[in-house]
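The file entry10.cif contains mmCIF, C-alpha atoms and all ligand atoms:
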```cif
data_upload
loop_
_atom_site.label_atom_id
_atom_site.label_comp_id
_atom_site.auth_asym_id
_atom_site.auth_seq_id
_atom_site.Cartn_x
_atom_site.Cartn_y
_atom_site.Cartn_z
CA LEU A 1 -100.63 52.14 36.30
CA GLY A 2 -99.80 53.06 32.72
CA LYS A 3 -102.84 55.30 32.39
CA GLU A 4 -102.10 57.03 35.62
CA ALA A 5 -98.58 57.81 34.50
CA LEU A 6 -99.72 59.05 31.10
CA GLN A 7 -102.25 61.37 32.72
CA GLU A 8 -99.60 62.80 35.00
CA ILE A 9 -97.33 63.38 32.05
CA LYS A 10 -100.10 65.11 30.20
CA ASP A 11 -100.72 67.42 33.15
CA ALA A 12 -97.07 68.22 33.74
CA ASP A 13 -96.18 71.76 32.79
CA THR A 14 -92.47 71.90 33.50
CA VAL A 15 -89.49 69.84 32.47
CA LYS A 16 -88.74 69.43 36.14
CA ALA A 17 -92.15 67.87 36.80
CA LEU A 18 -91.55 65.40 33.97
CA ASP A 19 -88.27 64.48 35.53
CA ASN A 20 -90.03 63.70 38.79
CA ILE A 21 -92.53 61.55 36.96
CA ARG A 22 -89.76 59.63 35.27
CA VAL A 23 -88.13 58.89 38.61
CA LYS A 24 -91.43 57.98 40.16
CA TYR A 25 -92.45 55.41 37.52
CA LEU A 26 -89.24 54.30 35.87
CA GLY A 27 -86.75 54.84 38.66
CA LYS A 28 -84.99 52.11 40.63
CA LYS A 29 -87.63 52.24 43.30
CA GLY A 30 -90.50 52.66 40.86
CA PRO A 31 -93.33 50.14 40.33
CA ILE A 32 -92.08 48.85 37.01
CA THR A 33 -88.63 48.03 38.32
CA GLU A 34 -90.38 46.37 41.21
CA VAL A 35 -92.53 44.25 38.93
CA LEU A 36 -89.55 43.18 36.86
CA ARG A 37 -87.59 42.39 39.96
CA GLY A 38 -90.41 40.19 41.26
CA MET A 39 -90.52 38.15 38.04
CA GLY A 40 -88.62 35.23 39.62
CA LYS A 41 -91.62 34.49 41.80
CA LEU A 42 -93.91 34.08 38.84
CA SER A 43 -94.66 30.85 37.02
CA ALA A 44 -92.94 30.16 33.72
CA GLU A 45 -96.22 30.75 31.99
CA GLU A 46 -96.93 34.17 33.49
CA ARG A 47 -93.37 35.44 33.26
CA PRO A 48 -93.26 36.35 29.54
CA LYS A 49 -96.71 37.91 29.67
CA VAL A 50 -95.96 40.08 32.68
CA GLY A 51 -92.52 40.93 31.30
CA GLN A 52 -93.93 41.96 27.98
CA LYS A 53 -96.65 44.04 29.59
CA ALA A 54 -94.20 45.76 31.93
CA ASN A 55 -91.89 46.55 29.02
CA GLU A 56 -94.73 47.92 26.96
CA ILE A 57 -95.81 50.21 29.74
CA ARG A 58 -92.28 51.32 30.32
CA GLU A 59 -91.80 52.13 26.65
CA GLU A 60 -95.10 53.91 26.51
CA ILE A 61 -94.18 56.06 29.50
CA GLN A 62 -90.77 56.70 28.08
CA SER A 63 -91.92 57.84 24.66
CA SER A 64 -94.68 59.87 26.21
CA LEU A 65 -92.13 61.56 28.45
CA GLU A 66 -89.95 62.33 25.47
CA ALA A 67 -92.80 63.76 23.46
CA LYS A 68 -93.91 65.93 26.35
CA THR A 69 -90.37 67.15 26.93
CA THR A 70 -90.06 68.27 23.32
CA GLU A 71 -93.43 69.94 23.56
CA LEU A 72 -92.50 71.87 26.70
CA GLU A 73 -89.19 72.90 25.22
CA GLU A 74 -90.90 74.20 22.13
CA ILE A 75 -93.34 76.22 24.20
CA ALA A 76 -90.49 77.66 26.24
CA LEU A 77 -88.64 78.64 23.08
CA GLU A 78 -91.73 80.23 21.62
CA GLU A 79 -92.25 82.29 24.74
CA LYS A 80 -88.66 83.36 24.81
CA LEU A 81 -88.85 84.49 21.20
CA LYS A 82 -92.02 86.38 21.87
CA GLU A 83 -90.42 88.13 24.83
CA GLU A 84 -87.35 89.06 22.86
CA SER A 85 -89.07 90.19 19.71
CA ILE A 86 -88.41 93.77 18.66
CA ASP A 87 -91.12 96.13 17.61
CA VAL A 88 -89.44 97.82 14.69
CA THR A 89 -92.14 100.43 14.50
CA LEU A 90 -91.25 101.90 17.90
CA PRO A 91 -89.42 105.24 17.70
CA GLY A 92 -85.66 104.81 18.24
CA LYS A 93 -83.63 106.19 21.08
CA GLU A 94 -81.78 109.28 19.96
CA ILE A 95 -78.02 108.90 20.26
CA LYS A 96 -76.39 112.22 21.05
CA ARG A 97 -73.85 113.05 18.42
CA GLY A 98 -70.92 115.27 19.16
CA ALA A 99 -69.80 118.17 17.04
CA ARG A 100 -66.38 119.03 15.79
CA HIS A 101 -64.90 121.80 17.87
CA PRO A 102 -65.11 125.06 15.91
CA LEU A 103 -61.35 125.59 16.23
CA THR A 104 -60.69 122.15 14.75
CA ALA A 105 -63.07 122.93 11.92
CA VAL A 106 -61.35 126.24 11.20
CA VAL A 107 -57.86 124.71 11.35
CA GLU A 108 -58.89 122.02 8.89
CA GLU A 109 -60.48 124.53 6.56
CA ILE A 110 -57.39 126.75 6.57
CA GLU A 111 -55.09 123.75 6.11
CA ASP A 112 -57.11 122.67 3.08
CA ILE A 113 -56.76 126.08 1.48
CA PHE A 114 -52.99 126.05 1.89
CA ILE A 115 -52.70 122.45 0.74
CA GLY A 116 -54.45 123.69 -2.41
CA LEU A 117 -51.67 126.28 -2.76
CA GLY A 118 -48.95 123.63 -2.53
CA PHE A 119 -48.13 123.78 1.19
CA GLN A 120 -47.51 120.75 3.39
CA VAL A 121 -48.85 120.45 6.94
CA THR A 122 -46.33 119.90 9.76
CA GLU A 123 -46.33 120.07 13.53
CA GLY A 124 -43.91 120.87 16.30
CA PRO A 125 -43.66 120.48 20.09
CA GLU A 126 -45.68 122.64 22.49
CA VAL A 127 -42.98 122.43 25.14
CA GLU A 128 -40.16 124.15 23.35
CA THR A 129 -36.59 125.15 24.03
CA ASP A 130 -35.70 128.75 24.52
CA TYR A 131 -33.38 128.29 21.54
CA TYR A 132 -36.11 127.48 19.00
CA ASN A 133 -38.76 129.74 20.45
CA PHE A 134 -36.48 132.79 20.55
CA GLU A 135 -32.83 132.50 19.65
CA ALA A 136 -33.16 130.70 16.33
CA LEU A 137 -35.73 133.38 15.47
CA ASN A 138 -33.25 136.19 15.93
CA LEU A 139 -34.20 137.02 19.51
CA PRO A 140 -31.04 136.77 21.61
CA PRO A 141 -31.48 136.42 25.40
CA ASP A 142 -31.68 140.11 26.19
CA HIS A 143 -33.69 141.17 23.18
CA PRO A 144 -36.44 143.62 24.26
CA ALA A 145 -38.96 142.03 21.87
CA ARG A 146 -39.17 139.04 24.21
CA ASP A 147 -41.40 141.25 26.29
CA MET A 148 -44.00 141.16 23.52
CA GLN A 149 -44.67 137.56 24.48
CA ASP A 150 -44.70 136.92 28.22
CA SER A 151 -43.84 133.28 28.59
CA PHE A 152 -44.53 130.26 30.76
CA TYR A 153 -41.14 128.75 31.52
CA VAL A 154 -40.95 125.08 32.51
CA THR A 155 -37.24 125.07 33.33
CA HIS A 156 -34.79 127.89 32.77
CA ASP A 157 -34.32 126.97 29.11
CA MET A 158 -37.64 125.23 28.34
CA LEU A 159 -40.99 126.94 27.94
CA LEU A 160 -44.48 126.52 26.56
CA ARG A 161 -44.00 127.95 23.09
CA THR A 162 -45.34 131.47 22.72
CA GLN A 163 -45.79 131.13 18.96
CA THR A 164 -45.68 128.50 16.23
CA SER A 165 -42.68 130.26 14.63
CA PRO A 166 -40.13 127.83 16.20
CA VAL A 167 -41.43 125.28 13.71
CA GLN A 168 -39.95 127.49 10.98
CA ALA A 169 -36.46 126.87 12.35
CA ARG A 170 -37.09 123.18 13.07
CA THR A 171 -38.37 122.56 9.55
CA MET A 172 -35.60 124.46 7.81
CA GLN A 173 -32.95 122.54 9.77
CA LYS A 174 -34.38 119.28 8.49
CA HIS A 175 -33.93 120.45 4.90
CA ASN A 176 -30.11 120.78 5.20
CA GLY A 177 -29.98 124.06 3.35
CA GLN A 178 -31.96 122.78 0.37
CA GLY A 179 -35.18 124.45 -0.76
CA PRO A 180 -37.99 124.56 -1.40
CA VAL A 181 -39.61 124.52 2.05
CA LYS A 182 -43.33 125.16 1.90
CA ILE A 183 -45.26 124.38 5.05
CA VAL A 184 -48.11 125.41 7.28
CA CYS A 185 -48.12 124.42 10.95
CA PRO A 186 -51.16 124.61 13.21
CA GLY A 187 -50.81 124.32 16.97
CA LYS A 188 -51.43 125.56 20.47
CA VAL A 189 -49.37 128.40 21.91
CA TYR A 190 -49.23 129.95 25.38
CA ARG A 191 -48.68 133.42 26.76
CA ARG A 192 -48.98 134.89 30.21
CA ASP A 193 -52.09 136.93 29.70
CA ASP A 194 -55.12 137.63 31.83
CA ASP A 195 -58.07 135.96 30.14
CA ASP A 196 -60.86 138.22 28.93
CA ALA A 197 -63.14 138.45 25.91
CA THR A 198 -60.23 138.96 23.54
CA HIS A 199 -57.30 137.31 25.36
CA SER A 200 -56.63 133.72 26.31
CA HIS A 201 -53.44 132.38 27.88
CA GLN A 202 -53.76 129.42 25.56
CA PHE A 203 -54.70 129.93 21.95
CA MET A 204 -53.97 128.55 18.50
CA GLN A 205 -51.86 129.75 15.65
CA ILE A 206 -51.18 128.61 12.13
CA GLU A 207 -47.68 129.32 10.90
CA GLY A 208 -46.74 129.50 7.24
CA LEU A 209 -43.28 129.34 5.70
CA TYR A 210 -42.11 129.36 2.10
CA VAL A 211 -38.37 129.33 1.41
CA ASP A 212 -36.94 128.97 -2.08
CA LYS A 213 -34.81 130.79 -4.61
CA ASN A 214 -36.35 134.13 -5.59
CA VAL A 215 -39.28 134.21 -3.18
CA ARG A 216 -40.41 137.84 -3.06
CA MET A 217 -42.73 140.09 -1.14
CA SER A 218 -45.22 139.95 -4.02
CA ASP A 219 -45.40 136.16 -3.51
CA LEU A 220 -46.34 136.76 0.11
CA LYS A 221 -49.01 139.26 -0.81
CA GLY A 222 -50.45 137.10 -3.59
CA THR A 223 -50.54 134.01 -1.38
CA LEU A 224 -52.29 135.79 1.49
CA GLU A 225 -54.74 137.48 -0.85
CA ALA A 226 -55.69 134.14 -2.43
CA PHE A 227 -56.08 132.64 1.04
CA VAL A 228 -58.24 135.45 2.42
CA LYS A 229 -60.56 135.43 -0.58
CA LYS A 230 -60.97 131.69 -0.25
CA TYR A 231 -61.66 131.84 3.49
CA PHE A 232 -63.75 135.01 3.84
CA GLY A 233 -65.13 135.36 0.30
CA PRO A 234 -64.00 136.69 -3.10
CA GLU A 235 -65.23 140.22 -2.36
CA ARG A 236 -62.67 140.67 0.41
CA SER A 237 -59.29 142.31 -0.06
CA ILE A 238 -56.17 142.75 2.07
CA ARG A 239 -53.83 145.56 2.93
CA LEU A 240 -50.34 145.39 4.39
CA ARG A 241 -49.14 147.77 7.09
CA PRO A 242 -45.50 148.04 8.17
CA SER A 243 -44.75 146.31 11.44
CA PHE A 244 -41.93 144.64 13.33
CA PHE A 245 -41.00 141.06 14.12
CA PRO A 246 -37.41 140.11 14.92
CA PHE A 247 -37.53 137.14 12.54
CA THR A 248 -38.87 138.94 9.46
CA GLU A 249 -37.55 141.92 7.52
CA PRO A 250 -39.52 143.71 6.29
CA SER A 251 -42.42 142.82 8.56
CA VAL A 252 -46.07 143.57 7.98
CA GLU A 253 -49.39 143.36 9.68
CA VAL A 254 -52.15 142.16 7.38
CA ASP A 255 -55.69 143.50 7.45
CA VAL A 256 -58.77 142.10 5.72
CA SER A 257 -61.53 144.37 4.47
CA CYS A 258 -64.55 144.22 6.75
CA GLY A 259 -67.29 142.21 5.14
CA ILE A 260 -69.99 143.15 7.62
CA CYS A 261 -69.29 146.84 7.85
CA GLY A 262 -72.25 148.72 6.43
CA GLY A 263 -70.89 152.12 7.39
CA ALA A 264 -71.30 153.76 10.76
CA GLY A 265 -71.63 151.60 13.86
CA CYS A 266 -69.72 148.54 12.70
CA ARG A 267 -68.68 146.60 15.78
CA VAL A 268 -66.40 144.20 13.97
CA CYS A 269 -63.98 146.75 12.54
CA LYS A 270 -65.00 149.75 14.67
CA ASN A 271 -65.84 151.66 11.50
CA SER A 272 -62.32 151.45 10.15
CA GLY A 273 -63.32 149.16 7.29
CA TRP A 274 -60.38 146.85 8.07
CA ILE A 275 -59.65 144.02 10.51
CA GLU A 276 -56.16 142.90 11.47
CA VAL A 277 -55.82 139.14 10.98
CA LEU A 278 -52.16 138.17 10.84
CA GLY A 279 -48.49 139.02 11.07
CA ALA A 280 -46.06 138.27 8.27
CA GLY A 281 -42.87 139.26 6.51
CA MET A 282 -39.81 138.19 4.58
CA VAL A 283 -37.73 135.69 6.54
CA HIS A 284 -34.81 137.54 8.16
CA PRO A 285 -31.43 136.52 6.67
CA ASN A 286 -30.20 135.66 10.17
CA VAL A 287 -33.04 133.16 10.58
CA LEU A 288 -32.18 131.52 7.26
CA GLU A 289 -28.50 131.31 8.23
CA PHE A 290 -29.21 130.02 11.77
CA SER A 291 -31.12 127.13 10.20
CA GLY A 292 -28.56 126.26 7.58
CA PHE A 293 -29.77 128.17 4.51
CA ASP A 294 -27.52 130.42 2.45
CA SER A 295 -29.26 133.79 2.56
CA ASN A 296 -27.55 134.88 -0.65
CA GLU A 297 -29.13 132.02 -2.50
CA TYR A 298 -32.44 131.64 -0.70
CA SER A 299 -35.19 133.94 0.45
CA GLY A 300 -38.59 133.29 1.94
CA PHE A 301 -41.75 134.61 3.48
CA ALA A 302 -43.46 133.63 6.72
CA PHE A 303 -46.76 134.40 8.34
CA GLY A 304 -48.57 133.59 11.55
CA MET A 305 -52.27 133.88 12.28
CA GLY A 306 -54.46 133.43 15.32
CA VAL A 307 -57.02 130.70 14.68
CA GLU A 308 -59.52 132.03 17.26
CA ARG A 309 -59.63 135.33 15.41
CA PHE A 310 -60.55 133.58 12.16
CA ALA A 311 -63.21 131.56 13.95
CA LEU A 312 -64.62 134.63 15.76
CA LEU A 313 -64.93 136.51 12.49
CA LYS A 314 -66.40 133.62 10.56
CA TYR A 315 -69.04 132.63 13.11
CA GLY A 316 -69.71 136.02 14.70
CA ILE A 317 -68.58 134.86 18.17
CA ASP A 318 -68.05 137.66 20.66
CA ASP A 319 -65.89 136.07 23.36
CA ILE A 320 -62.72 134.01 22.88
CA ARG A 321 -63.38 132.19 26.18
CA HIS A 322 -66.25 130.28 24.58
CA PHE A 323 -63.67 128.14 22.78
CA TYR A 324 -62.19 126.90 26.04
CA THR A 325 -65.02 126.66 28.56
CA ASN A 326 -66.71 123.67 26.88
CA ASP A 327 -70.26 124.90 27.32
CA ILE A 328 -72.28 122.28 25.48
CA ARG A 329 -74.82 124.89 24.39
CA PHE A 330 -72.07 126.71 22.54
CA LEU A 331 -70.43 123.62 21.07
CA GLU A 332 -73.71 122.10 19.91
CA GLN A 333 -74.18 124.94 17.45
CA PHE A 334 -71.36 123.56 15.34
CA LYS A 335 -73.04 120.25 14.57
CA ARG A 336 -73.23 119.58 10.90
CA ALA A 337 -76.54 118.42 9.50
N1 LIG B 1 -45.06 134.69 15.46
C1 LIG B 1 -45.68 135.97 15.27
C2 LIG B 1 -46.62 136.22 16.47
O1 LIG B 1 -46.93 135.31 17.17
C3 LIG B 1 -46.45 136.03 14.00
C4 LIG B 1 -45.57 135.96 12.79
C5 LIG B 1 -45.27 134.73 12.22
C6 LIG B 1 -45.05 137.09 12.23
C7 LIG B 1 -44.45 134.68 11.09
C8 LIG B 1 -44.26 137.05 11.12
C9 LIG B 1 -43.95 135.82 10.56
O2 LIG B 1 -47.02 137.33 16.71
#
```

Please, can you express the file's structure as structure tokens?
Amino acid sequence: LGKEALQEIKDADTVKALDNIRVKYLGKKGPITEVLRGMGKLSAEERPKVGQKANEIREEIQSSLEAKTTELEEIALEEKLKEESIDVTLPGKEIKRGARHPLTAVVEEIEDIFIGLGFQVTEGPEVETDYYNFEALNLPPDHPARDMQDSFYVTHDMLLRTQTSPVQARTMQKHNGQGPVKIVCPGKVYRRDDDDATHSHQFMQIEGLYVDKNVRMSDLKGTLEAFVKKYFGPERSIRLRPSFFPFTEPSVEVDVSCGICGGAGCRVCKNSGWIEVLGAGMVHPNVLEFSGFDSNEYSGFAFGMGVERFALLKYGIDDIRHFYTNDIRFLEQFKRA
């Protein structure tokens, strides 16, 4: 009986089979239990012998079962490990990495330049009141210059801001008439325009504002010149042309010398040698007063630039719509190594 059991245990190849063997030989209805139960019928002489033998066999089966169980468990573990092992020499799966959007990259680059010139970065709301977008900037309700910026109105006195200039007024108000104020403000702006290669109804601007005692036009020119040389390269220069904005007086349009222009046939500047990049001027006294600054004591300059324009010029992109159509083939080109 013992031998038979041991052979079966040896042949068993699953823990379940061992379990069955245990029930079969050592269970309540198994032969050993039966033998022990029948002990009463034996003579006093035979009883200890049979008892001892039965116990021996039981112990033998038991320890053999235990040993086999451990063995099977070890094999199972081994197999599992083998299955789960990683071949570190296999080539890895490539994880697609995104790229920073070119407009984000340009905004950050421009911010960094102005931070280097002592400006702080602020932000303002995209849904703006008519008051901040126009009135606080010296554009009363019937001012004809409102036509320059066709607007998306949300309610009759709320609109999607047409420019980042309202942040000028918001920031000055927070300063309670005390200078200096020296900020740049990037953000999205909206105008009712038909989209084409050079127009987008949504685009980005970066506003600049410096208000202090004795801020002069030469400070504006020097600041913009330093900025342009840093962004486009030291060989570039700027020129100022007279212009008009209701919130600056005098107002200028700022051109950068064309860096690509090799003479005739330049597509970037159409052979003029200059590219318009931003609007600027000395903060209008009314704007200072509206926002709580004494215009006899304080003066300031402001500027506003279109981010797309700076990106187009830097990367040689020919259509502003690329920035907003999310074509992965376009965006992928801005991955950094
Ligand atoms: N807000 C003007 C525009 O959108 C640009 C500007 C900003 C001009 C600040 C002068 C001063 O056209």

### Task
Find the residues near ligand LIG 1 (chain B). Use a cut-off of 7 Å, count all atoms listed in the file, and write them as a VMD selection string.
chain A and resid 162 to 165 207 to 208 245 247 to 248 251 278 to 281 302 to 305

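Atom to atom, CA of Glu332 (chain A) and CA of Gly187 (chain A) stand 23.2 Å apart.
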
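As for CA of Gly30 (chain A) and CA of Arg47 (chain A), they are spaced 19.0 Å apart.
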
### Task
Figure out the distance between CA of Val228 (chain A) and CA of Val256 (chain A), please, to one decimal in Å.
7.4 Å

### Query
For Ile317 (chain A), which residue out of A:Pro102, A:Gly259, A:Gly265, A:Gly179 is the nearest one, using only C-alpha atoms?
A:Pro102

### Message
Give me the residues near Glu109 (chain A) as a PyMOL selection string, where near means some atom within 12 Å (using all atoms listed in the file) and where sequence neighbours in that chain fewer than 2 positions away do not count.
### Response
chain A and resi 102-107+111-116+186+206+227-228+230-232+307+310-311+314

### Task
Excluding region 60-77 of chain A and residues on its chain fewer than 5 positions from it, collect all residues at most 7 Å away from it, counting all atoms listed in the file, and give them as JSON, numbers by chain.
{"A": [5, 6, 9, 14, 15, 18]}

#### Entry: Nearby residues (all atoms listed in the file) at most 10 Å from Thr33 (chain A), same-chain spacing under 5 positions excluded, as an MDAnalysis selection string
chainID A and resid 25:28 38 54:55 58

#### Entry: Spatial neighbours of Asp294 (chain A), max dist 9 Å, all atoms listed in the file, sep filter under 6 positions, as a PyMOL selection string
chain A and resi 177+285+288

What are the centre and the three edge lengths of an axis-aligned box that wraps all atoms of region 78-90 of chain A in the file, given that 3 Å is added to every side, written as lines of an AutoDock Vina configuration file and rounded to one decimal in Å?
```
center_x = -89.8
center_y = 91.1
center_z = 19.7
size_x = 10.9
size_y = 27.7
size_z = 16.3
```

## Note on the structure
Min atom-atom distance to Met217 (chain A) from the set A:Asp11, A:Glu249, A:Asp19, A:Glu56, counting all atoms listed in the file, belongs to A:Glu249

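Distance annotation: of A:Phe334, A:Tyr298, A:Phe293, A:Tyr153, the residue with the minimal separation from Arg191 (chain A) is A:Tyr153; atom set is all atoms listed in the file.
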
### Message
Excluding Arg161 (chain A) and its own-chain neighbours fewer than 5 positions away, which residues fall within 12 Å of it when counting all atoms listed in the file? Please give them as an MDAnalysis selection string.
### Response
chainID A and resid 124:134 149:154 166:167 187:192 201:205

### Query
Smallest atom-to-atom distance to Phe323 (chain A): which of A:Leu139, A:Ile238, A:Ala197, A:Val283, using all atoms listed in the file?
A:Ala197
